[in-house]
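Coordinates as given in coords37.pdb (PDB, C-alpha atoms, pLDDT in the B column):
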```pdb
ATOM      1  CA  MET A   5     -52.194  35.157 -41.381  1.00 47.00           C
ATOM      2  CA  GLU A   6     -48.765  36.435 -40.507  1.00 48.00           C
ATOM      3  CA  HIS A   7     -49.040  34.629 -37.248  1.00 50.00           C
ATOM      4  CA  ASP A   8     -49.449  31.288 -39.072  1.00 48.00           C
ATOM      5  CA  ASP A   9     -46.306  31.936 -41.147  1.00 48.00           C
ATOM      6  CA  VAL A  10     -44.274  32.443 -37.997  1.00 47.00           C
ATOM      7  CA  ASP A  11     -45.565  29.155 -36.562  1.00 50.00           C
ATOM      8  CA  MET A  12     -44.674  27.296 -39.754  1.00 52.00           C
ATOM      9  CA  GLY A  13     -41.147  28.723 -39.681  1.00 55.00           C
ATOM     10  CA  GLY A  14     -40.840  27.636 -36.065  1.00 59.00           C
ATOM     11  CA  ALA A  15     -41.990  24.139 -36.971  1.00 66.00           C
ATOM     12  CA  ASP A  16     -39.311  23.897 -39.680  1.00 74.00           C
ATOM     13  CA  ASN A  17     -36.789  25.137 -37.176  1.00 81.00           C
ATOM     14  CA  ASN A  18     -37.973  22.556 -34.616  1.00 86.00           C
ATOM     15  CA  GLU A  19     -37.685  19.760 -37.183  1.00 87.00           C
ATOM     16  CA  ALA A  20     -34.133  20.871 -38.048  1.00 88.00           C
ATOM     17  CA  GLU A  21     -33.235  20.904 -34.330  1.00 89.00           C
ATOM     18  CA  LEU A  22     -34.861  17.507 -33.880  1.00 90.00           C
ATOM     19  CA  ASP A  23     -32.881  16.054 -36.801  1.00 91.00           C
ATOM     20  CA  ASP A  24     -29.698  17.593 -35.398  1.00 91.00           C
ATOM     21  CA  MET A  25     -30.413  16.080 -31.963  1.00 91.00           C
ATOM     22  CA  LYS A  26     -31.122  12.677 -33.542  1.00 92.00           C
ATOM     23  CA  LYS A  27     -27.751  12.840 -35.333  1.00 93.00           C
ATOM     24  CA  ARG A  28     -25.961  13.709 -32.094  1.00 93.00           C
ATOM     25  CA  LEU A  29     -27.793  10.939 -30.241  1.00 92.00           C
ATOM     26  CA  LYS A  30     -26.792   8.447 -32.934  1.00 93.00           C
ATOM     27  CA  GLU A  31     -23.146   9.586 -32.683  1.00 93.00           C
ATOM     28  CA  MET A  32     -23.229   9.242 -28.880  1.00 91.00           C
ATOM     29  CA  GLU A  33     -24.724   5.743 -29.115  1.00 92.00           C
ATOM     30  CA  ASP A  34     -22.048   4.708 -31.626  1.00 93.00           C
ATOM     31  CA  GLU A  35     -19.364   6.096 -29.309  1.00 90.00           C
ATOM     32  CA  ALA A  36     -20.869   4.253 -26.319  1.00 89.00           C
ATOM     33  CA  ASP A  37     -20.907   0.992 -28.323  1.00 91.00           C
ATOM     34  CA  ALA A  38     -17.263   1.493 -29.284  1.00 90.00           C
ATOM     35  CA  LEU A  39     -16.388   2.127 -25.619  1.00 87.00           C
ATOM     36  CA  ARG A  40     -18.258  -1.014 -24.522  1.00 88.00           C
ATOM     37  CA  GLU A  41     -16.360  -3.074 -27.089  1.00 88.00           C
ATOM     38  CA  MET A  42     -13.034  -1.643 -25.917  1.00 86.00           C
ATOM     39  CA  GLN A  43     -13.935  -2.279 -22.275  1.00 86.00           C
ATOM     40  CA  ALA A  44     -14.991  -5.861 -23.044  1.00 85.00           C
ATOM     41  CA  LYS A  45     -11.700  -6.395 -24.870  1.00 83.00           C
ATOM     42  CA  VAL A  46      -9.689  -5.022 -21.942  1.00 82.00           C
ATOM     43  CA  GLU A  47     -11.685  -7.100 -19.428  1.00 79.00           C
ATOM     44  CA  LYS A  48     -11.094 -10.188 -21.553  1.00 76.00           C
ATOM     45  CA  GLU A  49      -7.343  -9.523 -21.528  1.00 75.00           C
ATOM     46  CA  MET A  50      -7.371  -8.749 -17.797  1.00 70.00           C
ATOM     47  CA  GLY A  51      -9.578 -11.769 -17.153  1.00 63.00           C
ATOM     48  CA  SER A  52      -7.014 -14.010 -18.740  1.00 55.00           C
ATOM     49  CA  VAL A  53      -4.372 -12.516 -16.439  1.00 52.00           C
ATOM     50  CA  GLN A  54      -6.625 -12.765 -13.353  1.00 53.00           C
ATOM     51  CA  ASP A  55      -7.758 -16.289 -14.217  1.00 53.00           C
ATOM     52  CA  PRO A  56      -7.338 -18.488 -11.088  1.00 58.00           C
ATOM     53  CA  ALA A  57      -5.281 -21.084 -12.969  1.00 61.00           C
ATOM     54  CA  THR A  58      -3.001 -18.340 -14.292  1.00 64.00           C
ATOM     55  CA  GLY A  59      -2.888 -16.748 -10.819  1.00 64.00           C
ATOM     56  CA  ALA A  60      -1.699 -20.042  -9.348  1.00 70.00           C
ATOM     57  CA  ALA A  61       0.887 -20.354 -12.111  1.00 71.00           C
ATOM     58  CA  SER A  62       2.107 -16.827 -11.460  1.00 76.00           C
ATOM     59  CA  GLN A  63       2.265 -17.594  -7.698  1.00 75.00           C
ATOM     60  CA  ASN A  64       4.343 -20.713  -8.452  1.00 79.00           C
ATOM     61  CA  ASN A  65       6.551 -18.655 -10.766  1.00 83.00           C
ATOM     62  CA  ARG A  66       7.006 -16.033  -8.045  1.00 83.00           C
ATOM     63  CA  GLU A  67       7.950 -18.728  -5.515  1.00 84.00           C
ATOM     64  CA  GLU A  68      10.445 -20.178  -7.981  1.00 85.00           C
ATOM     65  CA  VAL A  69      12.030 -16.733  -8.541  1.00 86.00           C
ATOM     66  CA  ASP A  70      12.100 -16.085  -4.787  1.00 87.00           C
ATOM     67  CA  SER A  71      13.902 -19.391  -4.217  1.00 89.00           C
ATOM     68  CA  ARG A  72      16.726 -18.009  -6.397  1.00 90.00           C
ATOM     69  CA  SER A  73      16.800 -14.597  -4.648  1.00 93.00           C
ATOM     70  CA  VAL A  74      18.300 -13.099  -1.512  1.00 94.00           C
ATOM     71  CA  PHE A  75      17.391 -10.048   0.566  1.00 94.00           C
ATOM     72  CA  VAL A  76      20.276  -7.686   1.248  1.00 94.00           C
ATOM     73  CA  GLY A  77      19.782  -5.268   4.125  1.00 94.00           C
ATOM     74  CA  ASN A  78      21.846  -2.292   5.347  1.00 93.00           C
ATOM     75  CA  VAL A  79      22.834  -1.302   1.805  1.00 93.00           C
ATOM     76  CA  ASP A  80      24.531   2.084   1.602  1.00 93.00           C
ATOM     77  CA  TYR A  81      22.304   4.750   0.023  1.00 92.00           C
ATOM     78  CA  SER A  82      24.998   5.663  -2.508  1.00 92.00           C
ATOM     79  CA  CYS A  83      25.359   2.045  -3.715  1.00 91.00           C
ATOM     80  CA  THR A  84      24.453   1.349  -7.335  1.00 91.00           C
ATOM     81  CA  PRO A  85      22.972  -1.935  -8.605  1.00 92.00           C
ATOM     82  CA  GLU A  86      26.211  -2.568 -10.516  1.00 93.00           C
ATOM     83  CA  GLU A  87      28.248  -2.412  -7.298  1.00 93.00           C
ATOM     84  CA  VAL A  88      25.861  -4.834  -5.552  1.00 92.00           C
ATOM     85  CA  GLN A  89      26.064  -7.129  -8.590  1.00 93.00           C
ATOM     86  CA  GLN A  90      29.888  -7.103  -8.477  1.00 93.00           C
ATOM     87  CA  HIS A  91      29.791  -7.882  -4.737  1.00 93.00           C
ATOM     88  CA  PHE A  92      27.647 -11.006  -5.334  1.00 92.00           C
ATOM     89  CA  GLN A  93      29.267 -12.026  -8.648  1.00 91.00           C
ATOM     90  CA  SER A  94      31.437 -14.640  -6.932  1.00 91.00           C
ATOM     91  CA  CYS A  95      28.327 -16.564  -5.751  1.00 90.00           C
ATOM     92  CA  GLY A  96      26.939 -17.202  -9.228  1.00 89.00           C
ATOM     93  CA  THR A  97      25.376 -15.509 -12.241  1.00 90.00           C
ATOM     94  CA  VAL A  98      23.361 -12.502 -11.086  1.00 91.00           C
ATOM     95  CA  ASN A  99      20.149 -12.211 -13.076  1.00 91.00           C
ATOM     96  CA  ARG A 100      18.821  -8.972 -11.557  1.00 91.00           C
ATOM     97  CA  VAL A 101      19.530  -6.513  -8.732  1.00 93.00           C
ATOM     98  CA  THR A 102      16.646  -4.438  -7.369  1.00 92.00           C
ATOM     99  CA  ILE A 103      17.354  -1.579  -4.962  1.00 92.00           C
ATOM    100  CA  ARG A 104      14.041  -0.429  -3.481  1.00 91.00           C
ATOM    101  CA  THR A 105      13.301   3.312  -3.420  1.00 91.00           C
ATOM    102  CA  ASP A 106      10.670   5.476  -1.755  1.00 91.00           C
ATOM    103  CA  LYS A 107       8.167   7.675  -3.583  1.00 90.00           C
ATOM    104  CA  PHE A 108      10.792  10.414  -3.985  1.00 91.00           C
ATOM    105  CA  GLY A 109      13.283   8.067  -5.656  1.00 89.00           C
ATOM    106  CA  GLN A 110      15.596   7.873  -2.635  1.00 91.00           C
ATOM    107  CA  PRO A 111      16.971   4.376  -1.817  1.00 91.00           C
ATOM    108  CA  LYS A 112      15.419   2.677   1.207  1.00 92.00           C
ATOM    109  CA  GLY A 113      18.623   0.909   2.221  1.00 92.00           C
ATOM    110  CA  TYR A 114      17.899  -2.636   1.076  1.00 94.00           C
ATOM    111  CA  ALA A 115      18.039  -4.627  -2.143  1.00 94.00           C
ATOM    112  CA  TYR A 116      17.047  -7.931  -3.701  1.00 94.00           C
ATOM    113  CA  VAL A 117      19.515  -9.993  -5.725  1.00 94.00           C
ATOM    114  CA  GLU A 118      18.136 -12.640  -8.088  1.00 93.00           C
ATOM    115  CA  PHE A 119      20.445 -15.390  -9.343  1.00 92.00           C
ATOM    116  CA  LEU A 120      20.099 -17.785 -12.280  1.00 91.00           C
ATOM    117  CA  GLU A 121      20.918 -20.831 -10.141  1.00 90.00           C
ATOM    118  CA  VAL A 122      19.277 -21.917  -6.875  1.00 89.00           C
ATOM    119  CA  GLU A 123      22.666 -23.032  -5.505  1.00 91.00           C
ATOM    120  CA  ALA A 124      23.959 -19.458  -5.683  1.00 91.00           C
ATOM    121  CA  VAL A 125      21.635 -18.478  -2.830  1.00 91.00           C
ATOM    122  CA  GLN A 126      23.574 -20.690  -0.383  1.00 91.00           C
ATOM    123  CA  GLU A 127      26.829 -19.072  -1.541  1.00 90.00           C
ATOM    124  CA  ALA A 128      25.299 -15.597  -1.137  1.00 91.00           C
ATOM    125  CA  LEU A 129      24.178 -16.377   2.421  1.00 92.00           C
ATOM    126  CA  LEU A 130      27.858 -16.870   3.271  1.00 92.00           C
ATOM    127  CA  LEU A 131      28.380 -13.179   2.458  1.00 91.00           C
ATOM    128  CA  ASN A 132      26.232 -12.206   5.464  1.00 91.00           C
ATOM    129  CA  GLU A 133      27.997  -9.480   7.478  1.00 90.00           C
ATOM    130  CA  SER A 134      30.434  -8.792   4.631  1.00 91.00           C
ATOM    131  CA  GLU A 135      31.237  -5.124   3.983  1.00 91.00           C
ATOM    132  CA  LEU A 136      30.178  -2.959   1.052  1.00 90.00           C
ATOM    133  CA  HIS A 137      30.845   0.794   1.139  1.00 90.00           C
ATOM    134  CA  GLY A 138      31.946   0.423   4.754  1.00 90.00           C
ATOM    135  CA  ARG A 139      28.621  -1.078   5.913  1.00 91.00           C
ATOM    136  CA  GLN A 140      27.970  -4.632   7.074  1.00 93.00           C
ATOM    137  CA  LEU A 141      25.410  -6.255   4.804  1.00 93.00           C
ATOM    138  CA  LYS A 142      22.593  -8.390   6.200  1.00 93.00           C
ATOM    139  CA  VAL A 143      21.996 -11.222   3.705  1.00 94.00           C
ATOM    140  CA  THR A 144      19.005 -13.569   4.139  1.00 92.00           C
ATOM    141  CA  ALA A 145      16.980 -15.796   1.830  1.00 91.00           C
ATOM    142  CA  LYS A 146      14.074 -13.924   0.256  1.00 89.00           C
ATOM    143  CA  ARG A 147      10.673 -14.979   1.538  1.00 84.00           C
ATOM    144  CA  THR A 148       7.604 -15.137  -0.687  1.00 79.00           C
ATOM    145  CA  ASN A 149       4.827 -12.723   0.165  1.00 74.00           C
ATOM    146  CA  ILE A 150       1.375 -14.241   0.235  1.00 71.00           C
ATOM    147  CA  PRO A 151      -1.132 -11.641  -0.990  1.00 69.00           C
ATOM    148  CA  GLY A 152      -3.578 -10.594   1.680  1.00 67.00           C
ATOM    149  CA  MET A 153      -1.573 -12.092   4.542  1.00 67.00           C
ATOM    150  CA  LYS A 154      -0.184  -9.494   6.906  1.00 67.00           C
ATOM    151  CA  GLN A 155       2.534 -10.382   9.339  1.00 65.00           C
ATOM    152  CA  TYR A 156       0.979 -10.413  12.820  1.00 65.00           C
ATOM    153  CA  ARG A 157       3.104  -8.863  15.491  1.00 68.00           C
ATOM    154  CA  PRO A 158       1.631  -8.802  18.989  1.00 70.00           C
ATOM    155  CA  ARG A 159       2.011  -5.519  20.803  1.00 70.00           C
ATOM    156  CA  ARG A 160       4.902  -5.613  23.182  1.00 72.00           C
ATOM    157  CA  PRO A 161       4.530  -3.781  26.469  1.00 68.00           C
ATOM    158  CA  ASN A 162       6.696  -0.711  26.783  1.00 68.00           C
ATOM    159  CA  PRO A 163       9.164  -1.354  29.623  1.00 68.00           C
ATOM    160  CA  HIS A 164       9.223   2.365  30.453  1.00 71.00           C
ATOM    161  CA  MET A 165       5.454   2.591  31.009  1.00 66.00           C
ATOM    162  CA  GLY A 166       5.118   0.020  33.785  1.00 63.00           C
ATOM    163  CA  PHE A 167       2.240  -2.459  33.822  1.00 57.00           C
ATOM    164  CA  GLN A 168      -0.513  -1.357  31.437  1.00 57.00           C
ATOM    165  CA  GLY A 169      -3.380  -3.818  31.733  1.00 57.00           C
ATOM    166  CA  ARG A 170      -6.952  -3.306  30.619  1.00 58.00           C
ATOM    167  CA  ASN A 171      -7.957  -1.906  34.001  1.00 58.00           C
ATOM    168  CA  PRO A 172      -5.076  -0.016  35.514  1.00 55.00           C
ATOM    169  CA  TYR A 173      -4.441  -0.977  39.106  1.00 55.00           C
ATOM    170  CA  ALA A 174      -5.419   1.796  41.486  1.00 58.00           C
ATOM    171  CA  PRO A 175      -3.724   1.402  44.873  1.00 55.00           C
ATOM    172  CA  PRO A 176      -5.922   1.976  47.926  1.00 57.00           C
ATOM    173  CA  PHE A 177      -5.534   5.231  49.787  1.00 54.00           C
ATOM    174  CA  ALA A 178      -2.566   5.235  52.136  1.00 55.00           C
ATOM    175  CA  PHE A 179      -4.834   6.884  54.704  1.00 55.00           C
ATOM    176  CA  ALA A 180      -8.576   7.353  54.807  1.00 55.00           C
ATOM    177  CA  PRO A 181      -9.143  11.061  54.218  1.00 58.00           C
ATOM    178  CA  TYR A 182     -12.908  10.769  54.439  1.00 58.00           C
ATOM    179  CA  GLY A 183     -13.400   8.694  57.543  1.00 58.00           C
ATOM    180  CA  TYR A 184     -15.521   5.611  57.958  1.00 61.00           C
ATOM    181  CA  GLY A 185     -18.716   5.527  55.893  1.00 60.00           C
ATOM    182  CA  LYS A 186     -18.091   8.828  54.137  1.00 63.00           C
ATOM    183  CA  VAL A 187     -18.111   8.866  50.350  1.00 62.00           C
ATOM    184  CA  PRO A 188     -15.778  11.187  48.494  1.00 60.00           C
ATOM    185  CA  ARG A 189     -17.574  13.871  46.570  1.00 60.00           C
ATOM    186  CA  PHE A 190     -16.026  15.274  43.442  1.00 60.00           C
ATOM    187  CA  ARG A 191     -16.844  18.775  42.378  1.00 58.00           C
ATOM    188  CA  MET A 192     -16.658  20.361  38.980  1.00 60.00           C
ATOM    189  CA  ALA A 193     -13.773  22.769  38.703  1.00 62.00           C
ATOM    190  CA  MET A 194     -14.858  26.350  39.228  1.00 63.00           C
ATOM    191  CA  ARG A 195     -14.526  28.068  35.896  1.00 66.00           C
ATOM    192  CA  TYR A 196     -15.918  31.298  34.608  1.00 68.00           C
ATOM    193  CA  SER A 197     -18.873  30.534  32.355  1.00 68.00           C
ATOM    194  CA  PRO A 198     -20.720  33.602  31.065  1.00 72.00           C
ATOM    195  CA  TYR A 199     -23.590  31.602  29.518  1.00 70.00           C
ATOM    196  CA  TYR A 200     -24.414  29.351  32.449  1.00 58.00           C
TER     197      TYR A 200
END
```
What does the file become when written as structure tokens?
Amino acid sequence: MEHDDVDMGGADNNEAELDDMKKRLKEMEDEADALREMQAKVEKEMGSVQDPATGAASQNNREEVDSRSVFVGNVDYSCTPEEVQQHFQSCGTVNRVTIRTDKFGQPKGYAYVEFLEVEAVQEALLLNESELHGRQLKVTAKRTNIPGMKQYRPRRPNPHMGFQGRNPYAPPFAFAPYGYGKVPRFRMAMRYSPYY
């Protein structure tokens, strides 16, 4: 009889645990639904950005901005964007100056200058080899990067290495150390090998 009472108490306990687990499962399902909705919303927003028509428009926009920009090389590391802007102020209205930095925040030594007018680029190109902070600037028109297209540079032979073809040229022996009809035999180097 006592044994039956214990089983009944265990059944009540199991039902309580089952109800508790059902509640938790319901909460988890609700949370998963909310996450799916948020993800769908984000994908919809990202999809509108990654839409091919929008991508083409953004590529055209980038090309238009690049046509109003110049690349400035050999920029002194202590140069500030304001100083670069003042240097190019005579060419036209400077919209933005970007000095590229590495992952530590140190300048890489080059900058991009974006103008409001396309004509200002031709004026800026005249400032090629002008000096800023005692360094000669290299000013060129900015080119537009095409995503996924790497610049191909063929490997140049190193002039200090001599001719390096696929099969290196082995000159014939200056003298025949083996005589006519004899084949050279190569031996393994004699090394101490305790487990041989």
So, with all atoms listed in the file as the atoms that count, which of A:Ala124, A:Lys26, A:Gly113, A:Asp37 lies closest to Asn78 of chain A?
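Of A:Ala124, A:Lys26, A:Gly113, A:Asp37, the one nearest Asn78 of chain A is A:Gly113, counting all atoms listed in the file.
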Translate the PyMOL selection byres ((chain A and resi 68) around 12) into a concrete residue list for this structure, as a PDB file with C-alpha atoms, keeping the file's coordinate frame.
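Result went into out29.pdb, see below:
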```pdb
ATOM      1  CA  ALA A  61       0.887 -20.354 -12.111  1.00 71.00           C
ATOM      2  CA  SER A  62       2.107 -16.827 -11.460  1.00 76.00           C
ATOM      3  CA  GLN A  63       2.265 -17.594  -7.698  1.00 75.00           C
ATOM      4  CA  ASN A  64       4.343 -20.713  -8.452  1.00 79.00           C
ATOM      5  CA  ASN A  65       6.551 -18.655 -10.766  1.00 83.00           C
ATOM      6  CA  ARG A  66       7.006 -16.033  -8.045  1.00 83.00           C
ATOM      7  CA  GLU A  67       7.950 -18.728  -5.515  1.00 84.00           C
ATOM      8  CA  VAL A  69      12.030 -16.733  -8.541  1.00 86.00           C
ATOM      9  CA  ASP A  70      12.100 -16.085  -4.787  1.00 87.00           C
ATOM     10  CA  SER A  71      13.902 -19.391  -4.217  1.00 89.00           C
ATOM     11  CA  ARG A  72      16.726 -18.009  -6.397  1.00 90.00           C
ATOM     12  CA  SER A  73      16.800 -14.597  -4.648  1.00 93.00           C
ATOM     13  CA  GLU A 118      18.136 -12.640  -8.088  1.00 93.00           C
ATOM     14  CA  PHE A 119      20.445 -15.390  -9.343  1.00 92.00           C
ATOM     15  CA  LEU A 120      20.099 -17.785 -12.280  1.00 91.00           C
ATOM     16  CA  GLU A 121      20.918 -20.831 -10.141  1.00 90.00           C
ATOM     17  CA  VAL A 122      19.277 -21.917  -6.875  1.00 89.00           C
ATOM     18  CA  LYS A 146      14.074 -13.924   0.256  1.00 89.00           C
ATOM     19  CA  ARG A 147      10.673 -14.979   1.538  1.00 84.00           C
ATOM     20  CA  THR A 148       7.604 -15.137  -0.687  1.00 79.00           C
TER      21      THR A 148
END
```
What is the atom CA of Tyr114 of chain A to atom CA of Gly138 of chain A distance in Å?
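It comes out at 14.8 Å.
The two atoms in question, atom CA of Gln89 of chain A and atom CA of Thr105 of chain A, are spaced 17.3 Å apart.
The interatomic distance for the pair atom CA of Val74 of chain A and atom CA of Val143 of chain A works out to 6.7 Å.
Closest approach to Val125 of chain A from the set A:Gly109, A:Gly96, A:Pro198, A:Pro85 is made by A:Gly96, with distances taken over all atoms listed in the file.
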Determine the residue set returned by the PyMOL selection byres ((chain A and resi 102) around 6) for the present structure, and present it as JSON, numbers by chain.
{"A": [101, 103, 115, 116]}
Between A:Gln126, A:Asn132, A:Ser82, A:Thr144, single out the one closest to Lys112 of chain A, counting all atoms listed in the file.
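Ranking A:Gln126, A:Asn132, A:Ser82, A:Thr144 by distance to Lys112 of chain A, first place goes to A:Ser82.
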Could you give me the axis-aligned bounding box of segment 98-107 of chain A, with 3 Å of padding per side, as centre plus edge lengths in Å to one decimal, as lines of an AutoDock Vina configuration file?
```
center_x = 15.8
center_y = -2.4
center_z = -7.4
size_x = 21.2
size_y = 26.2
size_z = 17.3
```
